[in-house]
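Shown below: start.tsv, with TSV, C-alpha atoms.
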```
chain	number	residue	atom	x	y	z
A	1	MET	CA	0.74	16.53	-21.66
A	2	PHE	CA	0.18	13.56	-19.32
A	3	ARG	CA	-3.30	12.96	-20.72
A	4	GLU	CA	-2.37	10.46	-23.41
A	5	THR	CA	-0.27	8.39	-21.01
A	6	LEU	CA	-3.01	8.43	-18.37
A	7	GLU	CA	-5.66	7.42	-20.92
A	8	LYS	CA	-3.56	4.54	-22.20
A	9	MET	CA	-3.15	3.23	-18.67
A	10	ALA	CA	-6.84	3.58	-17.80
A	11	ASN	CA	-7.95	1.93	-21.05
A	12	ASN	CA	-5.56	-1.01	-20.86
A	13	CYS	CA	-6.32	-2.09	-17.30
A	14	ASP	CA	-9.49	-4.03	-16.48
A	15	GLY	CA	-11.40	-2.38	-13.67
A	16	ALA	CA	-9.49	0.91	-13.78
A	17	ILE	CA	-11.72	3.71	-12.51
A	18	ALA	CA	-9.27	6.57	-12.91
A	19	THR	CA	-5.64	7.51	-13.41
A	20	LEU	CA	-4.16	10.80	-12.36
A	21	VAL	CA	-1.07	12.87	-11.71
A	22	MET	CA	-1.42	14.78	-8.45
A	23	GLY	CA	0.68	16.93	-6.18
A	24	PHE	CA	1.37	15.73	-2.63
A	25	ASP	CA	-0.57	18.85	-1.66
A	26	GLY	CA	-3.71	17.11	-3.00
A	27	ILE	CA	-4.11	19.25	-6.12
A	28	PRO	CA	-4.61	17.25	-9.33
A	29	VAL	CA	-2.46	18.12	-12.35
A	30	GLU	CA	-4.29	15.90	-14.83
A	31	SER	CA	-6.80	13.07	-14.50
A	32	VAL	CA	-8.67	10.57	-16.62
A	33	ILE	CA	-11.88	9.36	-15.03
A	34	LYS	CA	-13.65	6.33	-16.47
A	35	ASP	CA	-16.30	5.83	-13.81
A	36	GLU	CA	-17.99	8.99	-12.59
A	37	SER	CA	-19.76	7.16	-9.75
A	38	VAL	CA	-16.58	7.39	-7.66
A	39	ASP	CA	-15.46	10.86	-6.54
A	40	VAL	CA	-11.87	10.21	-7.51
A	41	HIS	CA	-10.60	13.71	-6.76
A	42	THR	CA	-11.86	13.64	-3.19
A	43	VAL	CA	-10.48	10.14	-2.66
A	44	SER	CA	-7.08	11.09	-4.11
A	45	THR	CA	-6.86	14.31	-2.16
A	46	GLU	CA	-7.70	12.55	1.08
A	47	PHE	CA	-5.09	9.84	0.41
A	48	SER	CA	-2.48	12.42	-0.63
A	49	PHE	CA	-2.46	13.67	2.97
A	50	VAL	CA	-1.95	10.11	4.18
A	51	LEU	CA	0.87	9.69	1.65
A	52	THR	CA	2.63	12.72	3.04
A	53	GLN	CA	2.56	11.04	6.43
A	54	VAL	CA	3.84	7.76	4.99
A	55	ARG	CA	6.71	9.70	3.44
A	56	LYS	CA	7.50	11.33	6.75
A	57	ALA	CA	7.43	7.93	8.48
A	58	ALA	CA	9.77	6.45	5.85
A	59	GLU	CA	12.13	9.39	6.39
A	60	ILE	CA	12.15	8.98	10.17
A	61	LEU	CA	12.72	5.24	9.81
A	62	GLU	CA	15.51	5.75	7.28
A	63	VAL	CA	14.15	3.06	4.95
A	64	GLY	CA	14.95	5.13	1.86
A	65	LEU	CA	12.73	7.11	-0.47
A	66	LEU	CA	9.09	6.11	-0.74
A	67	ASP	CA	8.36	4.39	-4.04
A	68	GLU	CA	4.90	2.81	-4.07
A	69	VAL	CA	1.85	2.63	-1.84
A	70	SER	CA	-1.28	0.59	-2.39
A	71	ILE	CA	-4.43	0.72	-0.34
A	72	ARG	CA	-7.18	-1.83	-0.80
A	73	SER	CA	-10.55	-1.40	0.79
A	74	GLU	CA	-13.83	-3.27	0.25
A	75	ASN	CA	-14.99	-1.01	-2.57
A	76	LEU	CA	-11.85	0.58	-3.97
A	77	THR	CA	-8.18	-0.09	-4.60
A	78	PHE	CA	-5.84	2.88	-4.85
A	79	VAL	CA	-2.27	2.50	-6.12
A	80	VAL	CA	0.34	5.24	-5.99
A	81	ARG	CA	3.80	5.57	-7.50
A	82	VAL	CA	5.93	8.48	-6.44
A	83	LEU	CA	7.02	10.50	-9.50
A	84	THR	CA	9.08	13.28	-7.97
A	85	GLU	CA	9.50	15.03	-4.64
A	86	GLU	CA	6.24	16.86	-5.34
A	87	TYR	CA	4.07	14.67	-7.55
A	88	PHE	CA	2.65	11.16	-7.68
A	89	LEU	CA	0.88	8.95	-10.19
A	90	GLY	CA	-2.34	7.40	-8.88
A	91	MET	CA	-4.66	4.72	-10.17
A	92	ALA	CA	-8.05	3.87	-8.70
A	93	LEU	CA	-9.45	0.42	-9.45
A	94	SER	CA	-12.59	-1.50	-8.62
A	95	PRO	CA	-12.02	-4.39	-6.16
A	96	GLN	CA	-12.28	-6.81	-9.12
A	97	GLY	CA	-9.82	-4.75	-11.16
A	98	ASN	CA	-6.52	-6.13	-12.39
A	99	PHE	CA	-4.19	-4.90	-9.64
A	100	GLY	CA	-1.09	-6.57	-11.12
A	101	LYS	CA	-1.67	-5.18	-14.60
A	102	GLY	CA	-2.34	-1.74	-13.14
A	103	ARG	CA	0.97	-1.78	-11.28
A	104	PHE	CA	2.77	-2.98	-14.38
A	105	LEU	CA	1.31	-0.23	-16.59
A	106	MET	CA	2.16	2.39	-13.98
A	107	ARG	CA	5.76	1.21	-13.85
A	108	LEU	CA	6.02	1.42	-17.64
A	109	ALA	CA	4.70	4.97	-17.63
A	110	LEU	CA	7.10	6.32	-14.99
A	111	PRO	CA	9.98	7.46	-17.23
A	112	GLU	CA	7.64	9.30	-19.61
A	113	LEU	CA	5.73	11.05	-16.83
A	114	ARG	CA	8.93	12.00	-15.00
A	115	ALA	CA	10.36	13.42	-18.20
A	116	GLU	CA	7.22	15.48	-18.75
A	117	LEU	CA	7.29	16.76	-15.17
A	118	SER	CA	10.88	17.86	-15.55
A	119	GLY	CA	9.93	19.68	-18.71
A	120	ALA	CA	12.06	17.41	-20.89
B	1	MET	CA	-0.41	-19.08	19.44
B	2	PHE	CA	0.29	-17.14	16.23
B	3	ARG	CA	3.96	-18.08	16.31
B	4	GLU	CA	3.77	-21.20	14.17
B	5	THR	CA	1.71	-19.42	11.48
B	6	LEU	CA	4.06	-16.41	11.48
B	7	GLU	CA	7.12	-18.66	11.23
B	8	LYS	CA	5.66	-20.60	8.31
B	9	MET	CA	5.02	-17.37	6.44
B	10	ALA	CA	8.47	-15.93	7.14
B	11	ASN	CA	10.23	-19.17	6.16
B	12	ASN	CA	8.30	-19.73	2.94
B	13	CYS	CA	8.75	-16.27	1.44
B	14	ASP	CA	12.04	-15.25	-0.17
B	15	GLY	CA	13.30	-12.00	1.25
B	16	ALA	CA	10.95	-11.96	4.25
B	17	ILE	CA	12.55	-10.01	7.09
B	18	ALA	CA	9.78	-10.38	9.63
B	19	THR	CA	6.14	-11.29	10.16
B	20	LEU	CA	4.05	-10.04	13.03
B	21	VAL	CA	0.62	-9.59	14.55
B	22	MET	CA	0.27	-6.09	15.96
B	23	GLY	CA	-2.43	-3.89	17.45
B	24	PHE	CA	-3.35	-0.68	15.63
B	25	ASP	CA	-2.05	0.99	18.79
B	26	GLY	CA	1.46	-0.09	17.72
B	27	ILE	CA	1.93	-2.80	20.33
B	28	PRO	CA	3.11	-6.15	18.94
B	29	VAL	CA	1.27	-9.31	19.98
B	30	GLU	CA	3.72	-11.75	18.42
B	31	SER	CA	6.56	-11.43	15.92
B	32	VAL	CA	9.06	-13.57	14.04
B	33	ILE	CA	12.19	-11.68	13.03
B	34	LYS	CA	14.56	-13.23	10.51
B	35	ASP	CA	16.89	-10.30	9.95
B	36	GLU	CA	17.92	-8.43	13.07
B	37	SER	CA	19.56	-5.62	11.07
B	38	VAL	CA	16.14	-4.04	10.57
B	39	ASP	CA	14.39	-2.64	13.64
B	40	VAL	CA	11.08	-4.22	12.70
B	41	HIS	CA	9.22	-3.21	15.84
B	42	THR	CA	9.99	0.48	15.40
B	43	VAL	CA	9.10	0.31	11.70
B	44	SER	CA	5.83	-1.49	12.42
B	45	THR	CA	4.87	0.82	15.25
B	46	GLU	CA	5.54	3.89	13.12
B	47	PHE	CA	3.48	2.48	10.24
B	48	SER	CA	0.67	1.41	12.58
B	49	PHE	CA	-0.02	5.10	13.25
B	50	VAL	CA	-0.13	5.74	9.52
B	51	LEU	CA	-2.50	2.78	9.12
B	52	THR	CA	-4.86	4.28	11.64
B	53	GLN	CA	-4.99	7.40	9.49
B	54	VAL	CA	-5.56	5.34	6.33
B	55	ARG	CA	-8.48	3.64	8.10
B	56	LYS	CA	-9.92	7.00	9.09
B	57	ALA	CA	-9.57	8.25	5.50
B	58	ALA	CA	-11.30	5.12	4.16
B	59	GLU	CA	-14.11	5.69	6.65
B	60	ILE	CA	-14.56	9.34	5.66
B	61	LEU	CA	-14.50	8.39	1.98
B	62	GLU	CA	-17.00	5.56	2.50
B	63	VAL	CA	-14.95	3.13	0.40
B	64	GLY	CA	-15.66	0.26	2.80
B	65	LEU	CA	-13.48	-1.43	5.38
B	66	LEU	CA	-9.73	-1.29	4.90
B	67	ASP	CA	-8.34	-4.64	3.83
B	68	GLU	CA	-4.69	-4.35	2.74
B	69	VAL	CA	-1.96	-1.72	2.62
B	70	SER	CA	1.48	-2.08	1.12
B	71	ILE	CA	4.29	0.42	1.35
B	72	ARG	CA	7.42	0.05	-0.74
B	73	SER	CA	10.46	2.18	-0.12
B	74	GLU	CA	14.00	1.89	-1.45
B	75	ASN	CA	15.17	-0.39	1.36
B	76	LEU	CA	12.04	-2.02	2.71
B	77	THR	CA	8.62	-3.30	1.69
B	78	PHE	CA	5.92	-3.49	4.33
B	79	VAL	CA	2.65	-5.33	3.69
B	80	VAL	CA	-0.34	-5.22	6.00
B	81	ARG	CA	-3.59	-7.19	6.11
B	82	VAL	CA	-6.25	-6.06	8.52
B	83	LEU	CA	-7.23	-8.95	10.81
B	84	THR	CA	-9.85	-7.40	13.04
B	85	GLU	CA	-10.97	-3.96	14.20
B	86	GLU	CA	-7.95	-3.92	16.52
B	87	TYR	CA	-5.21	-6.05	15.00
B	88	PHE	CA	-3.28	-6.43	11.77
B	89	LEU	CA	-0.89	-8.92	10.22
B	90	GLY	CA	2.31	-7.36	8.92
B	91	MET	CA	5.17	-8.64	6.80
B	92	ALA	CA	8.43	-6.80	6.17
B	93	LEU	CA	10.42	-7.78	3.09
B	94	SER	CA	13.68	-6.76	1.49
B	95	PRO	CA	13.24	-4.82	-1.80
B	96	GLN	CA	14.23	-7.99	-3.67
B	97	GLY	CA	11.78	-10.09	-1.66
B	98	ASN	CA	8.92	-11.98	-3.25
B	99	PHE	CA	6.11	-9.46	-2.76
B	100	GLY	CA	3.51	-11.60	-4.58
B	101	LYS	CA	4.32	-14.74	-2.62
B	102	GLY	CA	4.26	-12.77	0.62
B	103	ARG	CA	0.79	-11.40	-0.13
B	104	PHE	CA	-0.39	-14.89	-1.07
B	105	LEU	CA	0.91	-16.47	2.15
B	106	MET	CA	-0.66	-13.69	4.21
B	107	ARG	CA	-4.02	-14.26	2.55
B	108	LEU	CA	-3.83	-17.98	3.30
B	109	ALA	CA	-3.07	-17.31	6.96
B	110	LEU	CA	-5.95	-14.88	7.57
B	111	PRO	CA	-8.67	-17.38	8.64
B	112	GLU	CA	-6.36	-19.10	11.12
B	113	LEU	CA	-5.10	-15.87	12.66
B	114	ARG	CA	-8.61	-14.42	12.88
B	115	ALA	CA	-9.83	-17.59	14.59
B	116	GLU	CA	-6.96	-17.37	17.09
B	117	LEU	CA	-7.69	-13.69	17.79
B	118	SER	CA	-11.34	-14.45	18.45
B	119	GLY	CA	-10.26	-17.17	20.86
B	120	ALA	CA	-11.78	-19.91	18.70
```
Produce structure tokens that represent the structure in this file.
Amino acid sequence: MFRETLEKMANNCDGAIATLVMGFDGIPVESVIKDESVDVHTVSTEFSFVLTQVRKAAEILEVGLLDEVSIRSENLTFVVRVLTEEYFLGMALSPQGNFGKGRFLMRLALPELRAELSGA
Amino acid sequence: MFRETLEKMANNCDGAIATLVMGFDGIPVESVIKDESVDVHTVSTEFSFVLTQVRKAAEILEVGLLDEVSIRSENLTFVVRVLTEEYFLGMALSPQGNFGKGRFLMRLALPELRAELSGA
């Protein structure tokens, strides 16, 4: 469950460090980590709290449901797609990683991951 | 100051709603608003607080300086490039707007805006 989809994404994107499904509470459901030098769980958990605040801001501003967030820093890019009210799909990439391809692969995986989360 | 650069960006990107230079304290320095139906200043101010938290998270996680953040919701896309310790460049786009072109134009404008902010 989830693992195969996450592996496919991580393996098909240059510079992907990790892919994961995580709750907005910061608890990972499943993760595929390709580069152990980055503490992906800590990074994701920390950003999950930020995401919760972005969601709240979007709600206050009435700009509709949050769909995607990407954060690029000097040493790491982190892309998030909201899966459901409670879970998101995350991908961590190196700064030289293929950001566009990563986003594309994440978009492709959404229906499958959502179906799995709903128990379909 | 700033205005010409912000106007060029807003005019050359399909679906651009606004471009602005804003302090991380949520106070706008200069803005160009193409679609008055969106309260861009409120949106930007609200997201500036979120950005401050993203910066703090990046600092804690030691992933280097924050460079770019993009937030896509159902009705609005908001892209940010960090200009200096205190200011950022923001672009608001409609969901159908040209996200890639917007990011490209923002990247091109960085040196000019940074020079203006440093009083060069």
**OP:** In the coordinates of the file, take the point (6.8, 16.5, -15.2) and a cut-off of 10 Å; then, counting all atoms listed in the file, name each qualifying protein, DNA or RNA residue as a PyMOL selection string.
**Re:** chain A and resi 1-2+21+29+83-84+86-87+111-120
Subject >> Residues within 9 Å of (-0.5, 10.0, 8.1), file coords, only C-alpha atoms, listed as a PyMOL selection string >> reply: (chain A and resi 47+49-57) or (chain B and resi 47+49-54)
**OP:** Find, counting all atoms listed in the file, the residue in A:Phe78, A:Phe24, A:Phe88, A:Phe104 that gets nearest to chain B.
**Re:**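 Once distances to chain B are computed over all atoms listed in the file, the minimum belongs to A:Phe78.
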Subject >> Top pick for closest residue to chain B, considering A:Ser31, A:Ser73, A:Ser48, A:Asn12 and counting all atoms listed in the file >> reply: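 For chain B, the nearest of the candidates is A:Ser73.
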**OP:** Using only C-alpha atoms, find which residues of chain A lie within 12 Å of chain B and jot them down as a VMD selection string.
**Re:** chain A and resid 37 to 82 92 to 95 99 to 100
For those residues, write C-alpha atoms to a file as a short mmCIF file (atom, residue, chain, number, x, y, z; two decimals), keeping the file's coordinate frame.
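Below you can see part.cif, which holds the result:
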```
data_model
loop_
_atom_site.label_atom_id
_atom_site.label_comp_id
_atom_site.auth_asym_id
_atom_site.auth_seq_id
_atom_site.Cartn_x
_atom_site.Cartn_y
_atom_site.Cartn_z
CA SER A 37 -19.76 7.16 -9.75
CA VAL A 38 -16.58 7.39 -7.66
CA ASP A 39 -15.46 10.86 -6.54
CA VAL A 40 -11.87 10.21 -7.51
CA HIS A 41 -10.60 13.71 -6.76
CA THR A 42 -11.86 13.64 -3.19
CA VAL A 43 -10.48 10.14 -2.66
CA SER A 44 -7.08 11.09 -4.11
CA THR A 45 -6.86 14.31 -2.16
CA GLU A 46 -7.70 12.55 1.08
CA PHE A 47 -5.09 9.84 0.41
CA SER A 48 -2.48 12.42 -0.63
CA PHE A 49 -2.46 13.67 2.97
CA VAL A 50 -1.95 10.11 4.18
CA LEU A 51 0.87 9.69 1.65
CA THR A 52 2.63 12.72 3.04
CA GLN A 53 2.56 11.04 6.43
CA VAL A 54 3.84 7.76 4.99
CA ARG A 55 6.71 9.70 3.44
CA LYS A 56 7.50 11.33 6.75
CA ALA A 57 7.43 7.93 8.48
CA ALA A 58 9.77 6.45 5.85
CA GLU A 59 12.13 9.39 6.39
CA ILE A 60 12.15 8.98 10.17
CA LEU A 61 12.72 5.24 9.81
CA GLU A 62 15.51 5.75 7.28
CA VAL A 63 14.15 3.06 4.95
CA GLY A 64 14.95 5.13 1.86
CA LEU A 65 12.73 7.11 -0.47
CA LEU A 66 9.09 6.11 -0.74
CA ASP A 67 8.36 4.39 -4.04
CA GLU A 68 4.90 2.81 -4.07
CA VAL A 69 1.85 2.63 -1.84
CA SER A 70 -1.28 0.59 -2.39
CA ILE A 71 -4.43 0.72 -0.34
CA ARG A 72 -7.18 -1.83 -0.80
CA SER A 73 -10.55 -1.40 0.79
CA GLU A 74 -13.83 -3.27 0.25
CA ASN A 75 -14.99 -1.01 -2.57
CA LEU A 76 -11.85 0.58 -3.97
CA THR A 77 -8.18 -0.09 -4.60
CA PHE A 78 -5.84 2.88 -4.85
CA VAL A 79 -2.27 2.50 -6.12
CA VAL A 80 0.34 5.24 -5.99
CA ARG A 81 3.80 5.57 -7.50
CA VAL A 82 5.93 8.48 -6.44
CA ALA A 92 -8.05 3.87 -8.70
CA LEU A 93 -9.45 0.42 -9.45
CA SER A 94 -12.59 -1.50 -8.62
CA PRO A 95 -12.02 -4.39 -6.16
CA PHE A 99 -4.19 -4.90 -9.64
CA GLY A 100 -1.09 -6.57 -11.12
#
```
**OP:** Could you tell me how far CA of Asp35 in chain B lies from CA of Thr5 in chain B, in Å and to one decimal?
**Re:** 17.8 Å
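Rounded to one decimal, CA of Leu89 in chain B and CA of Glu4 in chain B lie 13.7 Å from each other.
If you look at CA of Ala18 in chain B and CA of Lys101 in chain A, they are 27.3 Å away from each other.
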